[in-house]
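A.B. asks: Pasting in a structure now, in structure tokens, and then I'll have a few things to ask.
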Amino acid sequence: MSDDLRWVKTHCARMDHGGCALLVGVRGNTIEAVKGDPEGFLNKGYICVKGTASPDRLTHPDRLRHPLKRAGGKGEGKWERISWPEALNTIAENLIKVREQYGARGVAFGVGMPKGLDHFILIRLANLFGSPNVIASQDVCHAPREITGIHTCGFYPVADFHHKSKLAVLWGSNITATNEEGEICSMLLAQVKEGTELIVVDPRRIDLAKKARFWLPLRPGTDNALALGFLHVIIEEGLYDREFVEKWTHGFAELAGHVKDWTPEKVSAITWVAPELIREAARYYAQAKPAVIQWGNPIEHNTHTFDTTRALICLMAICGNLDVPGGNVEAHDPKIIGLGPLVRADLIPTKAKEMISAHHRVIPRLMTIAPAFFRKAILEDVPYPVRAAYMMCSNPMLSYADSRQTYEALMKLDFLAVADLFMTPTAAMADIVLPVASQFEFDDIGHMGIGHGFILARPKVVDPPEECWPDMKIMNELGKLISPPELWHDDYREFIEDVVKPAGLTYAQFCEKGYLKGPDRFKLYEEKGFRTPTGKVELLLSTAEKFKLSALPEFRGLPEEDDPQYPFVLTSAKSRYYLHSSYRWIDKLRRLKPHPQVEMHPDTARQYGIAAGDDVVIETRYGKITQKARLTDAIDPRVLCADHGWWFPEGNPENQYDWDKANFNMLTSTQKLGREYGTPNLKGMGCRIYLG
Ligand SMILES: Nc1nc2c(c(=O)[nH]1)N[C@H]1C(S)=C(S)[C@@H](COP(=O)(O)OP(=O)(O)OC[C@H]3O[C@@H](n4cnc5c(=O)[nH]c(N)nc54)[C@H](O)[C@@H]3O)O[C@H]1N2
Ligand SMILES: Nc1nc2c(c(=O)[nH]1)N[C@H]1C(S)=C(S)[C@@H](COP(=O)(O)OP(=O)(O)OC[C@H]3O[C@@H](n4cnc5c(=O)[nH]c(N)nc54)[C@H](O)[C@@H]3O)O[C@H]1N2
Ligand code: SF4
Ligand SMILES: [Mo]
């Protein structure tokens with residue numbers, strides 16, 4: 001093999017939703033350099049610090065390199081190395097045993113943030129095994145936006161950064177740190193340079209707030225009320241798009257009547273945003289054409305997510321910003337395999353009735369199980385017992401609300417298998433741990449099925465360690481043991497070929513192109529109407545009665561009522577240096593952000609005798625954790641913003657690496673859930689603090 005440095009093109013992945021085209025410098029089987037590809041479809045040369053550090057995932061000395069079997073008690077941190085055949089056979093035997101005793105639905109298949117094509121192969125595995133229960137974090141990640149969109153206007157309205165907008169509203173989206181599914185912040189930054197204005201709706205003065213025409217520092221968890229205030233101003237002042245409203249909306253008069261009371265003064269009392277600021281921002285949004293709303297996670301981080309999303313789509317619609325270039329649009333997929341055929345949805349026709357969530361009467365089209373319902377099935381047998389789980393690409397001990405409950409549920413399972421790159425608090429609870437190959441080590445496809453209308457090539461760059469397998473290969477082989485083998489491929493790579501075959505391409509040809517994009521088609525409704533029962537955007541939901549949903553976007557109160565015992569409002573944000581709970585073990589990143597931190601205003605700190613860097617105990621009604629104080633005047637003195645996702649890879653394996661010490665989800669609860677999606681409150685809880 002030549003020792004020359006070769007430059008290979010691929011796309012970044014598994015450090016967030018991915019998307020930056022990369023040039024990867026390889027010598028032999030080692031990645032020596034990574035840089036942004038100036039020709040990148042989305043990023044045009046941009047790369048972030050996570051992307052630069054991403055090859056370090058592969059070479060860490062403590063990376064999982066062999067399948068492991070639990071040697072001591074559950075969670076005791078004692079392991080025995082085993083072979084792949086033994087690992088797969090043990091998993092198969094245990095899943096089949098539970099299927100025989102409880103039915104296939106007694107086995108759950110869990111996944112975290114969609115990281116690549118393996119996401120869909122996991123759904124296929126569940127379907128072929130016969131289980132309707134795929135557990136995913138969709139309750140708090142994108143599903144409320146996607147599915148509420150489908151019910152309201154027939155599609156998921158994503159921000160179109162490919163065409164110029166006059167105004168971009170960052171509504172709870174810290175895009176320069178998180179980049180969002182399908183969008184890289186450099187796309188928006190380029191527009192801002194050319195004069196696109198910004199409105200920022202965020203309790204913190206984020207980077208882009210400094211460049212914004214209006215910054216609305218709202219009380220966390222009150223987006224719903226603020227959106228109703230915008231609707232009020234725009235309708236009362238007649239600033240809406242009359243032609244669109246008349247022709248293409250259903251229930252405008254009802255919406256207008258409904259928001260009549262939502263004056264900026266009333267909204268201000270709830271949201272803490274000054275009435276005049278609400279008026280000016282709403283007017284500006286209505287008059288800037290086209291205007292795009294880049295909405296983020298906070299929209300779906302409380303129990304009111306359905307109403308919040310409904311209110312924002314109503315806003316997009318009445319201002320004529322739906323499905324126009326530079327607005328919020330329906331993206332059209334390229335000619336690739338449909339998700340249904342890939343996951344073999346046809347083989348499990350009773351899924352919607354059989355799955356755990358059916359019992360909880362969630363909104364139609366939500367086909368994954370909210371983590372809260374998954375744990376109820378394990379702990380209380382409601383609506384039936386779940387006794388085993390296979391999990392990959394996820395770390396529920398950190399990522400599900402109410403971590404104590406997750407611990408109890410995982411302890412109670414008869415059998416748990418976890419596939420990961422590294423030993424995590426969740427893997428530490430498993431009976432079998434499988435070592436995976438990851439980004440750069442296998443051929444993959446990015447951005448499939450996430451509603452942005454393109455897929456990205458992620459060809460392999462280096463070989464993985466001998467016993468590290470791509471998740472797709474693991475599932476392809478496990479699938480042959482627990483479901484009809486003829487429904488699996490000889491070689492898992494055929495799945496990748498299946499995806500691009502309808503485009504008339506081989507995977508190699510697809511990699512030459514780098515990406516496949518569907519056609520830009522705007523205002524399709526002019527030909528076909530909106531894909532809703534009324535053919536219009538349903539400001540008033542025509543299916544409300546049928547599906548027991550509220551017909552108009554409501555405000556149902558604060559996430560938690562004020563209580564002097566918990567004088568602060570707690571929220572969180574993702575760190576630019578990490579993906580959720582992942583990669584605290586990468587030295588380059590850890591040096592940049594060594595500790596979990598809670599942001600607070602200097603006045604708040606002073607009141608409690610807290611100095612920068614002090615340990616602070618943060619306590620809610622549900623639990624307490626410790627993080628270090630970070631003082632900043634970019635946050636309201638009444639608000640605290642703590643880091644999410646912290647555990648300590650250098651910590652004690654017998655205590656699952658101190659999973660409960662600084663973990664934000666020790667502070668959250670599943671006692672209250674939104675009915676439509678099973679979403680808990682992750683933002684806007686009452687809390688108190690003291691010096692640790
Ligand atoms: N309180 C609170 N809770 C939240 C959130 C919040 O903001 N606040 N955010 C929510 C959101 S939006 C999401 S999407 C979820 C995310 O929740 P998760 O997806 O569970 O969290 P991650 O840390 O992204 O990923 C978990 C694991 O995937 C592993 N991994 C990385 N690459 C691979 C791979 O190729 N194969 C396998 N098998 N494993 C791999 C990582 O090592 C890591 O241990 O968390 C949710 N939970
Ligand atoms: N670096 C990094 N990038 C990521 C991820 C990561 O973990 N790390 N995760 C990926 C995933 S899975 C997702 S879903 C996306 C999510 O990305 P974002 O949607 O950007 O998610 P967050 O960082 O949780 O919240 C965004 C902003 O909301 C503000 N905020 C807090 N509470 C509220 C509130 O009540 N209302 C409003 N309006 N704003 C509030 C926070 O201050 C923060 O600036 O990021 C993806 N990209
Ligand atoms: S922004 Fe996301 S896709 Fe781009 S380099 Fe960073 S982690 Fe990778
Ligand atoms: Mo997410």
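Residues in the structure tokens are named by chain (A, B, ... in the order shown) and by number from 1 within that chain; ligands are numbered from 1 in the order shown.
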Hey, which bits of chain A sit within 8 Å of ligand 4, and for each residue what's the closest pair of atoms and how far apart in Å (one decimal), counting only C-alpha atoms and all ligand atoms, rows by chain and increasing number, as a tab-separated table?
C.D. replies:
residue	atom	partner	partner_atom_place_in_ligand_line	distance
A:Met113	CA	ligand 4	1 (Mo)	5.5
A:Ser137	CA	ligand 4	1 (Mo)	7.2
A:Gln138	CA	ligand 4	1 (Mo)	7.5
A:Val140	CA	ligand 4	1 (Mo)	7.0
A:Cys141	CA	ligand 4	1 (Mo)	4.3
A:His142	CA	ligand 4	1 (Mo)	6.8
A:Asn297	CA	ligand 4	1 (Mo)	7.1
A.B. asks: Stretch 102-107 of chain A: which residues within 12 Å, counting only C-alpha atoms, same-chain residues fewer than 4 positions away excluded, as a PyMOL selection string?
C.D. replies: chain A and resi 91-92+94-98+125-135+348+350-351+353-357+369+374+377-378+381-391+413-417+482-483
A.B. asks: Given a cut-off of 7 Å, what residues near ligand 3 show up using only C-alpha atoms and all ligand atoms, put as number ranges by chain?
C.D. replies: A: 12-13, 15-20, 46-52, 179, 184
A.B. asks: Excluding A:Glu650 and its own-chain neighbours fewer than 3 positions away, which residues fall within 10 Å of it when counting only C-alpha atoms? Please give them as a PyMOL selection string.
C.D. replies: chain A and resi 584-585+647+653+657-658
A.B. asks: Which polymer residues have any atom within 8 Å of an atom of stretch 521-538 of chain A, counting only C-alpha atoms, with same-chain residues fewer than 6 positions away left out, as a PyMOL selection string?
C.D. replies: chain A and resi 150-155+248-251+317+323-325+329-332
